[in-house]
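So the structure is just underneath, and the comments pick up after that.
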Amino acid sequence: MPEGALIKLAGIIDEQLKGDLFDDLHGVLAVAIDLAGVHRITSFGIREWIRQISDAGGDHLYFVNVPAYVMAQFGMVAGLGGPRGQILSYFAPYVCNGCGAERDRLFDRRNDSDVDCVDNPPSMPCAQCSGVMEFADAPEYYREALAGTAPLDVVPALFRVLAAKDQAARPLKVSKTVEGSATVLWLSGALDHRAVLRRAADGLEGDVLVVTDQVAACDGPGVWELGRLLSAASDARGRVWLARTPRVLLDHLAKEPMTLGEARLTSIELDYVCGACRRMGEWVSVMSAGKKGLYCQRCGAGVTPGEAPVLMARLGVLECAELPAEQRGLMELRPRAGVTGQRPGFVDKYQLIRLLGAGGMAEIYLARQQGPAGFERRVAIKRILPNFAKDAQFVSMFLTEAKLVARLSHPNIVQIHELHERDGQYFIVMEYVEGHNLAPMLNAARAATQQVPVEVALRVLADVCAALEAAHTACDDAERPLGIVHRDVSPHNVLLGSDGVVKLSDFGIARVSGVPRQGESTQPGVLKGKLAYLSPEALIGEPDLRTDVWAAGIVLFQLLAGYHPLSRSTDYQTYQAILNDPVPAAGVGRTDVPPELEAIVAKATARDAAQRYASAGEMEAALEKVISLLGRPVTGRQVAEWLERLEPEIERGGPAESTEAATALARGPTETQ
């Protein structure tokens with residue numbers, strides 16, 4: 001049994017405080033409970049806390065780094081410290097009489113030079129204006145808190161516990177990456193009095209992104225040193241952001257907001273489950289569409305955790321700004337440990353530039369392929385996430401995608417250049433499409449109350465059908481039709497290049513019609529693809545080529561009507577709507593949709609597959625016939641012009657609305673239960 005133990009608590013002490021936090025401490029001589037990370041204590045939490053702390057083991061129990069608001073609770077609630085708890089160190093608020101700056105001062109009762117603030121609170125110099133800072137709280141709270149806990153009795157074992165804590169905090173390390181005109185600084189370790197950031201500040205120019213998610217601890221001098229770095233970055237005449245700010249640093253910044261200077265906070269640490277996209281995450285954006293708040297970094301939906309009022313109170317005093325689209329992927333390109341200025345790479349001839357997107361099973365990087373005589377081109381690299389690299393079924397699906405698409409040489413299908421394996425990890429090198437997928441463009445058009453031009457809808461879907469026809473009629477080496485079914489045609493997988501070229505992507509769950517792929521189990525009740533775009537027969541039986549025709553018809557409806565005809569508030573309701581509800585007329589509310597185009601949507605979305613177009617090529621021919629009836633050319637130029645007009649609205653749409661087109665490739669195979 002060790003002679004000492006340190007327990008660090010963080011978050012909210014509420015009704016979720018279950019179990020026995022201090023049950024394994026019997027026989028331990030000195031136990032230190034660090035409360036610096038506790039943000040709030042609720043009335044329900046107080047009851048459970050008192051129960052547990054009253055039965056806590058440990059011969060000597062100490063509370064260290066007690067926040068001011070927790071000290072108030074110690075003063076008001078009898079028994080909060082238990083029968084043996086002793087307050088060793090605590091924070092007290094100070095305010096400057098001159099400039100109004102606020103900060104907390106740590107009082108350590110082991111230090112003879114520190115006078116308890118309840119008797120004669122000492123003043124301290126203000127770091128902002130050189131004025132005098134005075135104690136700014138009710139002394140009786142501190143007097144009652146200290147009187148309500150056990151008298152201080154420090155044993156030597158406590159010194160060894162706290163010394164071990166200090167040694168465990170690694171000194172701050174800084175790594176730097178440079179991409180174009182942007183510099184990313186990665187801070188890891190303890191941002192404390194040992195931190196020296198002068199070298200990191202040298203040579204900064206252009207935009208600077210400071211990523212702090214690996215900062216494990218900080219103190220006043222360390223945060224002040226960070227302020228000097230941010231100031232130097234601002235002097236470089238670029239924009240400066242502080243990203244992925246952990247709680248421990250956020251608390252310091254909230255107490256001394258002037259530390260940020262001209263830098264802007266862009267994301268903070270918070271465990272959450274997004275109610276919109278169901279994504280579990282630990283980082284939230286603090287700005288979306290110009291409004292300060294907490295937003296999911298994947299879909300941009302608002303996040304409202306139970307501690308939102310506390311977080312918003314801290315954010316309210318800080319300057320925040322949304323991170324521009326061109327900087328977002330830089331956060332993912334963390335340098336290798338111990339290597340400064342080097343981005344991760346898979347093989348020598350590919351240099352990763354930034355992360356384009358990440359899904360549950362795979363991720364996509366923008367990369368630079370380099371060759372002899374200055375040869376260079378940009379490519380997209382899709383890689384299986386490490387935790388799925390040993391999943392035989394998923395690897396089989398990943399490899400099948402590469403083999404299938406490698407056979408599909410068509411201008412409207414994202415091309416695969418190479419398949420690689422390194423150290424047991426597979427990745428696909430594919431064509432990079434600079435632009436957007438169709439989903440954020442539909443969102444942007446809806447937000448701007450704009451209707452998608454008929455000629456754009458025609459061109460996009462005619463090209464999608466051309467891509468599907470190429471896949472459906474692809475043959476093997478013996479010229480036997482493969483009958484590939486995409487099974488995941490949706491706006492997310494339709495890429496629109498900035499030049500107006502339309503590309504179909506993500507054959508990750510495609511299969512040869514009627515033939516299960518190697519390693520794929522056909523489990524009853526498991527649906528492959530996005531539920532809202534599955535055909536009625538795909539829900540209850542085996543999909544064939546006409547399943548893709550159905551999905552193409554649904555996407556065409558969305559382009560014309562501005563909404564999904566069968567998507568409902570729950571998966572069950574959507575399932576029932578696909579099986580039973582009719583698809584309405586696509587041209588309702590518009591005068592520019594010709595009846596011939598409405599008829600195409602109706603035929604493509606016929607519930608009886610036998611009544612649909614027999615092939616995607618047949619649907620493409622029908623769309624091209626309507627284009628000819630318009631009496632004017634409809635090319636990629638119209639698509640590019642529409643994309644250019646929507647670009648400002650897409651950029652205002654938040655993290656999910658401004659990703660690159662290749663982001664859609666990152667999701668990997670999708671299974672909906």
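Naming scheme: A, B, ... for chains in displayed order of the structure tokens; residues 1 onward per chain; ligands 1 onward as shown.
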
Residues of segment 30-225 of chain A in helix (DSSP H, G or I) according to DSSP, as a PDB file with C-alpha atoms, in the first residue's frame?
ATOM      1  CA  SER A  43     -27.344  20.241  -4.122  1.00  0.00           C
ATOM      2  CA  PHE A  44     -27.742  16.599  -5.211  1.00  0.00           C
ATOM      3  CA  GLY A  45     -23.974  16.339  -5.614  1.00  0.00           C
ATOM      4  CA  ILE A  46     -23.390  17.727  -2.136  1.00  0.00           C
ATOM      5  CA  ARG A  47     -25.378  14.921  -0.529  1.00  0.00           C
ATOM      6  CA  GLU A  48     -23.480  12.189  -2.373  1.00  0.00           C
ATOM      7  CA  TRP A  49     -20.151  13.953  -1.784  1.00  0.00           C
ATOM      8  CA  ILE A  50     -20.706  14.152   1.984  1.00  0.00           C
ATOM      9  CA  ARG A  51     -21.616  10.468   2.083  1.00  0.00           C
ATOM     10  CA  GLN A  52     -18.455   9.445   0.274  1.00  0.00           C
ATOM     11  CA  ILE A  53     -16.044  11.867   1.946  1.00  0.00           C
ATOM     12  CA  SER A  54     -17.312  10.822   5.404  1.00  0.00           C
ATOM     13  CA  ALA A  68     -13.132  30.207  -4.681  1.00  0.00           C
ATOM     14  CA  TYR A  69     -16.701  29.050  -5.344  1.00  0.00           C
ATOM     15  CA  VAL A  70     -15.939  25.676  -3.734  1.00  0.00           C
ATOM     16  CA  MET A  71     -14.508  27.496  -0.717  1.00  0.00           C
ATOM     17  CA  ALA A  72     -17.882  29.243  -0.397  1.00  0.00           C
ATOM     18  CA  GLN A  73     -19.577  25.823  -0.313  1.00  0.00           C
ATOM     19  CA  PHE A  74     -17.142  24.646   2.386  1.00  0.00           C
ATOM     20  CA  GLY A  75     -18.183  27.709   4.398  1.00  0.00           C
ATOM     21  CA  MET A  76     -21.933  27.253   3.967  1.00  0.00           C
ATOM     22  CA  PRO A 139     -13.905  37.021   4.206  1.00  0.00           C
ATOM     23  CA  GLU A 140     -16.477  35.156   6.310  1.00  0.00           C
ATOM     24  CA  TYR A 141     -16.788  32.403   3.668  1.00  0.00           C
ATOM     25  CA  TYR A 142     -13.093  31.634   3.993  1.00  0.00           C
ATOM     26  CA  ARG A 143     -13.135  31.957   7.755  1.00  0.00           C
ATOM     27  CA  GLU A 144     -16.061  29.534   8.032  1.00  0.00           C
ATOM     28  CA  ALA A 145     -14.544  27.151   5.457  1.00  0.00           C
ATOM     29  CA  LEU A 146     -11.286  26.867   7.372  1.00  0.00           C
ATOM     30  CA  ALA A 147     -13.070  26.623  10.719  1.00  0.00           C
ATOM     31  CA  PRO A 156       5.932  14.460   5.484  1.00  0.00           C
ATOM     32  CA  ALA A 157       4.210  11.964   3.202  1.00  0.00           C
ATOM     33  CA  LEU A 158       2.117  14.822   1.776  1.00  0.00           C
ATOM     34  CA  PHE A 159       5.232  16.605   0.530  1.00  0.00           C
ATOM     35  CA  ARG A 160       6.298  13.465  -1.328  1.00  0.00           C
ATOM     36  CA  VAL A 161       2.827  13.104  -2.912  1.00  0.00           C
ATOM     37  CA  LEU A 162       2.826  16.684  -4.191  1.00  0.00           C
ATOM     38  CA  ALA A 163       6.445  16.456  -5.325  1.00  0.00           C
ATOM     39  CA  ALA A 164       5.603  13.354  -7.373  1.00  0.00           C
ATOM     40  CA  LYS A 165       2.719  15.299  -8.927  1.00  0.00           C
ATOM     41  CA  ASP A 166       5.037  18.103  -9.985  1.00  0.00           C
ATOM     42  CA  GLN A 167       7.523  15.654 -11.500  1.00  0.00           C
ATOM     43  CA  ALA A 168       4.767  13.900 -13.446  1.00  0.00           C
ATOM     44  CA  ARG A 198      10.475  32.859 -26.913  1.00  0.00           C
ATOM     45  CA  ARG A 199      11.844  30.504 -29.585  1.00  0.00           C
ATOM     46  CA  ALA A 200       8.350  29.553 -30.714  1.00  0.00           C
ATOM     47  CA  ALA A 201       7.578  33.241 -31.202  1.00  0.00           C
ATOM     48  CA  GLY A 220      -0.307  31.950 -13.752  1.00  0.00           C
ATOM     49  CA  PRO A 221       3.281  32.411 -14.991  1.00  0.00           C
ATOM     50  CA  GLY A 222       2.754  29.823 -17.733  1.00  0.00           C
ATOM     51  CA  VAL A 223      -0.431  31.487 -18.965  1.00  0.00           C
ATOM     52  CA  TRP A 224       1.353  34.837 -18.924  1.00  0.00           C
ATOM     53  CA  GLU A 225       4.075  33.306 -21.129  1.00  0.00           C
TER      54      GLU A 225
END

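Atom pair atom CA of Ala36 of chain A / atom CA of Leu249 of chain A has a distance of 11.3 Å (rounded to one decimal).
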
(message) List the spatial neighbours of segment 426-428 of chain A as number ranges by chain - criterion: any atom at most 6 Å away, only C-alpha atoms, same-chain residues fewer than 3 positions off excluded.
(response) A: 381-383, 418-421

Selection export as a PDB file, in the first residue's frame, atoms kept: N, CA and C atoms:
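Just written: part34.pdb:
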ATOM      1  N   ILE A 381      -6.089  11.047 -50.109  1.00  0.00           N
ATOM      2  CA  ILE A 381      -5.686   9.747 -49.569  1.00  0.00           C
ATOM      3  C   ILE A 381      -6.714   9.316 -48.533  1.00  0.00           C
ATOM      4  N   LYS A 382      -7.317   8.175 -48.781  1.00  0.00           N
ATOM      5  CA  LYS A 382      -8.296   7.597 -47.860  1.00  0.00           C
ATOM      6  C   LYS A 382      -7.633   6.474 -47.094  1.00  0.00           C
ATOM      7  N   ARG A 383      -7.673   6.567 -45.779  1.00  0.00           N
ATOM      8  CA  ARG A 383      -6.987   5.585 -44.939  1.00  0.00           C
ATOM      9  C   ARG A 383      -7.950   4.996 -43.919  1.00  0.00           C
ATOM     10  N   GLU A 418      -3.964   4.522 -56.829  1.00  0.00           N
ATOM     11  CA  GLU A 418      -3.137   3.451 -56.262  1.00  0.00           C
ATOM     12  C   GLU A 418      -3.771   2.917 -54.991  1.00  0.00           C
ATOM     13  N   LEU A 419      -3.414   1.684 -54.664  1.00  0.00           N
ATOM     14  CA  LEU A 419      -3.747   1.075 -53.375  1.00  0.00           C
ATOM     15  C   LEU A 419      -2.428   0.721 -52.700  1.00  0.00           C
ATOM     16  N   HIS A 420      -2.279   1.132 -51.441  1.00  0.00           N
ATOM     17  CA  HIS A 420      -1.023   0.879 -50.723  1.00  0.00           C
ATOM     18  C   HIS A 420      -1.311   0.196 -49.391  1.00  0.00           C
ATOM     19  N   GLU A 421      -0.310  -0.508 -48.912  1.00  0.00           N
ATOM     20  CA  GLU A 421      -0.337  -1.087 -47.574  1.00  0.00           C
ATOM     21  C   GLU A 421       1.009  -0.817 -46.925  1.00  0.00           C
TER      22      GLU A 421
END

Check segment 165-294 of chain A with DSSP on the backbone and list each residue it calls strand (DSSP E), as a PDB file with C-alpha atoms, in the first residue's frame.
ATOM      1  CA  LYS A 173       7.140  21.191 -25.575  1.00  0.00           C
ATOM      2  CA  VAL A 174       6.368  23.108 -28.746  1.00  0.00           C
ATOM      3  CA  SER A 175       6.186  21.684 -32.270  1.00  0.00           C
ATOM      4  CA  LYS A 176       5.637  23.735 -35.390  1.00  0.00           C
ATOM      5  CA  THR A 177       4.187  22.988 -38.809  1.00  0.00           C
ATOM      6  CA  VAL A 178       3.991  25.417 -41.705  1.00  0.00           C
ATOM      7  CA  GLU A 179       1.517  25.078 -44.566  1.00  0.00           C
ATOM      8  CA  ALA A 182      -0.266  29.467 -42.023  1.00  0.00           C
ATOM      9  CA  THR A 183       1.773  28.301 -39.043  1.00  0.00           C
ATOM     10  CA  VAL A 184       0.496  25.778 -36.489  1.00  0.00           C
ATOM     11  CA  LEU A 185       2.059  25.614 -33.024  1.00  0.00           C
ATOM     12  CA  TRP A 186       1.401  22.506 -30.944  1.00  0.00           C
ATOM     13  CA  LEU A 187       1.762  22.880 -27.157  1.00  0.00           C
ATOM     14  CA  SER A 188       2.022  19.766 -24.982  1.00  0.00           C
ATOM     15  CA  GLY A 189       2.913  19.228 -21.343  1.00  0.00           C
ATOM     16  CA  ALA A 190       2.714  21.667 -18.446  1.00  0.00           C
ATOM     17  CA  LEU A 191       2.148  25.330 -19.288  1.00  0.00           C
ATOM     18  CA  ASP A 207      -1.874  33.319 -39.836  1.00  0.00           C
ATOM     19  CA  VAL A 208      -1.029  31.418 -36.644  1.00  0.00           C
ATOM     20  CA  LEU A 209      -3.037  28.582 -35.079  1.00  0.00           C
ATOM     21  CA  VAL A 210      -2.059  27.571 -31.524  1.00  0.00           C
ATOM     22  CA  VAL A 211      -3.418  24.109 -30.621  1.00  0.00           C
ATOM     23  CA  THR A 212      -3.443  23.395 -26.877  1.00  0.00           C
ATOM     24  CA  ASP A 213      -5.343  20.122 -26.436  1.00  0.00           C
ATOM     25  CA  GLN A 214      -2.233  18.411 -25.017  1.00  0.00           C
ATOM     26  CA  VAL A 215      -1.659  21.011 -22.285  1.00  0.00           C
ATOM     27  CA  ALA A 216      -2.040  18.947 -19.105  1.00  0.00           C
ATOM     28  CA  ALA A 217      -1.611  21.672 -16.481  1.00  0.00           C
ATOM     29  CA  CYS A 218      -0.978  25.388 -16.225  1.00  0.00           C
ATOM     30  CA  VAL A 240      -4.293  34.281 -34.559  1.00  0.00           C
ATOM     31  CA  TRP A 241      -6.512  31.548 -33.107  1.00  0.00           C
ATOM     32  CA  LEU A 242      -6.333  29.443 -29.958  1.00  0.00           C
ATOM     33  CA  ALA A 243      -7.857  26.043 -30.729  1.00  0.00           C
ATOM     34  CA  ARG A 264      -9.448  34.532 -30.826  1.00  0.00           C
ATOM     35  CA  LEU A 265     -10.694  31.378 -29.118  1.00  0.00           C
ATOM     36  CA  SER A 267     -12.912  25.585 -29.816  1.00  0.00           C
ATOM     37  CA  ILE A 268     -12.911  24.161 -26.288  1.00  0.00           C
ATOM     38  CA  GLU A 269     -12.883  20.819 -24.511  1.00  0.00           C
ATOM     39  CA  LEU A 270     -16.318  19.339 -23.813  1.00  0.00           C
ATOM     40  CA  ASP A 271     -17.590  15.751 -23.841  1.00  0.00           C
ATOM     41  CA  TYR A 272     -20.932  15.693 -25.637  1.00  0.00           C
ATOM     42  CA  VAL A 273     -23.276  13.734 -27.882  1.00  0.00           C
ATOM     43  CA  MET A 280     -19.834  11.698 -29.719  1.00  0.00           C
ATOM     44  CA  GLY A 281     -17.126  14.297 -29.357  1.00  0.00           C
ATOM     45  CA  GLU A 282     -14.813  16.042 -26.969  1.00  0.00           C
ATOM     46  CA  TRP A 283     -14.313  19.363 -28.759  1.00  0.00           C
ATOM     47  CA  VAL A 284     -16.933  21.956 -29.647  1.00  0.00           C
ATOM     48  CA  SER A 285     -16.728  25.105 -31.740  1.00  0.00           C
ATOM     49  CA  VAL A 286     -17.532  28.298 -29.880  1.00  0.00           C
ATOM     50  CA  MET A 287     -18.627  30.257 -32.948  1.00  0.00           C
ATOM     51  CA  SER A 288     -20.989  29.310 -35.777  1.00  0.00           C
ATOM     52  CA  LYS A 291     -22.751  33.783 -33.186  1.00  0.00           C
ATOM     53  CA  LYS A 292     -21.014  32.832 -29.961  1.00  0.00           C
ATOM     54  CA  GLY A 293     -22.193  29.482 -28.625  1.00  0.00           C
ATOM     55  CA  LEU A 294     -21.354  25.784 -28.407  1.00  0.00           C
TER      56      LEU A 294
END

(request) Name all residues at most 9 Å from Thr635 of chain A (count only C-alpha atoms; drop same-chain ones fewer than 6 positions away) and give them as a PyMOL selection string. (result) chain A and resi 455-456+459+500-501

Can I get the selected residues back with N, CA and C atoms, as a PDB file, in the first residue's frame?
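Result written to part10.pdb:
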ATOM      1  N   GLU A 455     -31.588  23.919 -64.919  1.00  0.00           N
ATOM      2  CA  GLU A 455     -30.509  23.401 -65.749  1.00  0.00           C
ATOM      3  C   GLU A 455     -29.389  22.793 -64.908  1.00  0.00           C
ATOM      4  N   VAL A 456     -29.157  23.340 -63.701  1.00  0.00           N
ATOM      5  CA  VAL A 456     -28.149  22.764 -62.804  1.00  0.00           C
ATOM      6  C   VAL A 456     -28.597  21.380 -62.333  1.00  0.00           C
ATOM      7  N   ARG A 459     -28.145  18.936 -65.203  1.00  0.00           N
ATOM      8  CA  ARG A 459     -26.755  18.574 -65.494  1.00  0.00           C
ATOM      9  C   ARG A 459     -26.180  17.651 -64.421  1.00  0.00           C
ATOM     10  N   GLY A 500     -17.138  22.894 -62.151  1.00  0.00           N
ATOM     11  CA  GLY A 500     -18.445  22.426 -62.600  1.00  0.00           C
ATOM     12  C   GLY A 500     -18.519  20.949 -62.917  1.00  0.00           C
ATOM     13  N   VAL A 501     -17.430  20.224 -62.792  1.00  0.00           N
ATOM     14  CA  VAL A 501     -17.429  18.791 -63.070  1.00  0.00           C
ATOM     15  C   VAL A 501     -18.153  18.053 -61.942  1.00  0.00           C
TER      16      VAL A 501
END

(request) Would you please work out which residue, of A:Val494, A:Ala614, A:Val317, A:Leu579, is nearest to Ala532 of chain A when using only C-alpha atoms? (result) A:Leu579

(message) Between atom CA of Glu319 of chain A and atom CA of Ala254 of chain A, what distance in Å does the model show, to one decimal?
(response)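 The value is 10.3 Å.
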
(message) Set the distance at 10 Å and use only C-alpha atoms: which residues neighbour Val502 of chain A once local chain neighbours fewer than 6 positions away are removed? I'd like the list as a PyMOL selection string.
(response) chain A and resi 411-414+433+437-438+459-464+467+494-496+636+639-640

(request) Write out as a ChimeraX atom specification which residues come within 8 Å of Leu230 of chain A when counting only C-alpha atoms, dropping same-chain ones fewer than 3 positions away. (result) /A:226-227,233-234,240,260-263

(request) Excluding Met124 of chain A and residues on its chain fewer than 3 positions from it, collect all residues at most 12 Å away from it, counting only C-alpha atoms, and give them as a ChimeraX atom specification. (result) /A:93-97,102-106,114,121,127-128,130-135

Could the residues in this selection be saved with C-alpha atoms as a CSV table (one decimal), in the first residue's frame?
chain,number,residue,atom,x,y,z
A,93,PRO,CA,-10.4,36.4,-6.2
A,94,TYR,CA,-8.6,39.7,-6.6
A,95,VAL,CA,-9.5,42.8,-8.6
A,96,CYS,CA,-7.4,45.8,-9.6
A,97,ASN,CA,-8.6,49.2,-8.3
A,102,GLU,CA,-9.4,40.2,-12.2
A,103,ARG,CA,-7.4,37.1,-11.3
A,104,ASP,CA,-7.3,34.4,-8.6
A,105,ARG,CA,-4.5,34.1,-6.1
A,106,LEU,CA,-3.4,30.8,-4.7
A,114,ASP,CA,1.3,33.6,2.9
A,121,PRO,CA,-5.6,39.7,3.0
A,127,ALA,CA,0.2,42.7,-14.2
A,128,GLN,CA,-1.9,44.8,-16.6
A,130,SER,CA,1.0,48.1,-12.4
A,131,GLY,CA,-1.7,49.2,-10.0
A,132,VAL,CA,-2.8,47.4,-6.8
A,133,MET,CA,-5.0,44.4,-6.7
A,134,GLU,CA,-7.2,43.8,-3.6
A,135,PHE,CA,-9.0,40.9,-2.2

(request) Could you check which of A:Tyr62, A:Tyr533, A:Phe107, A:Trp550 is closest to Arg612 of chain A, using only C-alpha atoms? (result) A:Trp550

(message) Let me make sure I understand: among A:Gly148, A:His39, A:Trp642, A:Phe91, which one has the smallest atom-to-atom distance to Ala78 of chain A if we use only C-alpha atoms?
(response)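 Closest to Ala78 of chain A of all the choices is A:Gly148.
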